[in-house]
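Everything on this sheet refers to the single structure shown next.
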Amino acid sequence: MTVIATIITAHCTAHATDSFLTQRHADGSCSVEESQQTKIVRVLFFRGALAYWGLARYGNWDTFHWLQDQANQATRYISAQEFAIEMSLRLEAELNGIRVGNPIEKGIGIHFTAYEHIAG
């Protein structure tokens, strides 16, 4: 289970999350596979961040690196909302290409915060 905490103020946003990537085994038990890699990706263009929970890796596919690639393409979008919508469509397409026994296993949640200029 991942917990994401975000504090938003007029001056800054603070994000915090655990760094645990766990593996569920056939017997129902879980083990920690990673405990140091962040689950938070900066989106500099929108002065924000993406944090995720759920599927972290499957084969060569990695959620953190995929989100980094998306954040690096944020300059192509005129608004944070457009970026988020397009990213969700691309993520859905990516996940549709992953073949797992139970579709619930490829669930991902993304928490996106950004600052936008509105009327100065």
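We label chains A, B, ... in the order they appear in the structure tokens, count residues from 1 in each chain, and number ligands from 1 in the order shown.
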
Neighbour list for A:Trp61 as a PDB file with C-alpha atoms, in the first residue's frame, cut-off 10 Å, only C-alpha atoms, skip fewer than 5 positions in-chain:
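Resulting contents of around.pdb:
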```
ATOM      1  CA  LEU A  55       1.778  -1.237 -10.733  1.00  0.00           C
ATOM      2  CA  ALA A  56       5.419  -0.177 -10.578  1.00  0.00           C
ATOM      3  CA  TRP A  66       7.381   6.199 -18.077  1.00  0.00           C
ATOM      4  CA  GLU A  94       0.404   1.322 -22.554  1.00  0.00           C
ATOM      5  CA  LEU A  95      -1.462  -0.745 -19.982  1.00  0.00           C
ATOM      6  CA  ILE A  98       0.500  -5.469 -20.914  1.00  0.00           C
TER       7      ILE A  98
END
```

Set the distance at 12 Å and use only C-alpha atoms: which residues neighbour A:Met87 once local chain neighbours fewer than 6 positions away are removed? I'd like the list as a list in words.
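Contacts, in chain order: Leu50, Trp66, Leu67, Gln68, Asp69, Gln70, Ala71, Asn72, Gln73, Ala74, Arg76, Tyr77, Ala80, Gln81, Ala93, Glu94, Ile110 and Phe112 of chain A.
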
Name the residues of stretch 26-106 of chain A that come out as strand (DSSP E or B) in a backbone DSSP run; write them as a short mmCIF file (atom, residue, chain, number, x, y, z; two decimals) with C-alpha atoms, in the first residue's frame.
```cif
data_model
loop_
_atom_site.label_atom_id
_atom_site.label_comp_id
_atom_site.auth_asym_id
_atom_site.auth_seq_id
_atom_site.Cartn_x
_atom_site.Cartn_y
_atom_site.Cartn_z
CA CYS A 30 4.32 -9.83 -0.07
CA SER A 31 7.98 -8.91 -0.07
CA VAL A 32 9.69 -5.55 -0.50
CA GLU A 33 11.62 -5.50 -3.79
CA GLU A 34 12.76 -1.85 -3.59
CA ILE A 40 7.48 11.24 -7.25
CA VAL A 41 8.37 12.81 -10.61
CA ARG A 42 8.83 16.56 -11.07
CA VAL A 43 6.90 18.25 -13.87
CA GLY A 48 4.19 20.40 -10.24
CA ALA A 49 4.70 16.74 -9.61
CA LEU A 50 3.31 13.31 -10.36
CA ALA A 51 3.15 10.63 -7.67
CA TYR A 52 1.91 7.11 -8.32
CA TRP A 53 0.67 3.99 -6.63
CA GLY A 54 -0.15 0.56 -7.99
CA ARG A 57 7.08 -2.60 -12.98
CA TYR A 58 6.14 -5.33 -15.38
CA TRP A 61 8.07 -1.59 -18.38
CA ASP A 62 8.58 0.79 -15.44
#
```

Would you mind telling me which residue in A:Ala114, A:Val100, A:Ala16, A:Leu91 lies nearest to A:Ile4 when using only C-alpha atoms?
A:Ala16

How far is it from atom CA of A:Lys39 to atom CA of A:Ala5, in Å with one decimal?
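One can read the atom CA of A:Lys39 to atom CA of A:Ala5 distance as 11.8 Å.
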
Pick from A:Asn102, A:Ile85, A:Thr113, A:Ile118 nearest to A:His15, counting only C-alpha atoms:
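So, comparing all the options, the nearest one is A:Thr113.
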
If you run DSSP on this backbone, which residues of stretch 44-101 of chain A come out as alpha helix (DSSP H), and could you give them as a ChimeraX atom specification?
/A:63-72,80-96

Env of A:Gln36: 9 Å cut, atoms = only C-alpha atoms, seq-sep filter 3 positions within chain, self excluded. Answer as a PyMOL selection string.
chain A and resi 18-21

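With distances restricted to only C-alpha atoms, A:His65 is the closest residue to A:Gln37 from A:Asn60, A:Arg90, A:Ala84, A:His65.
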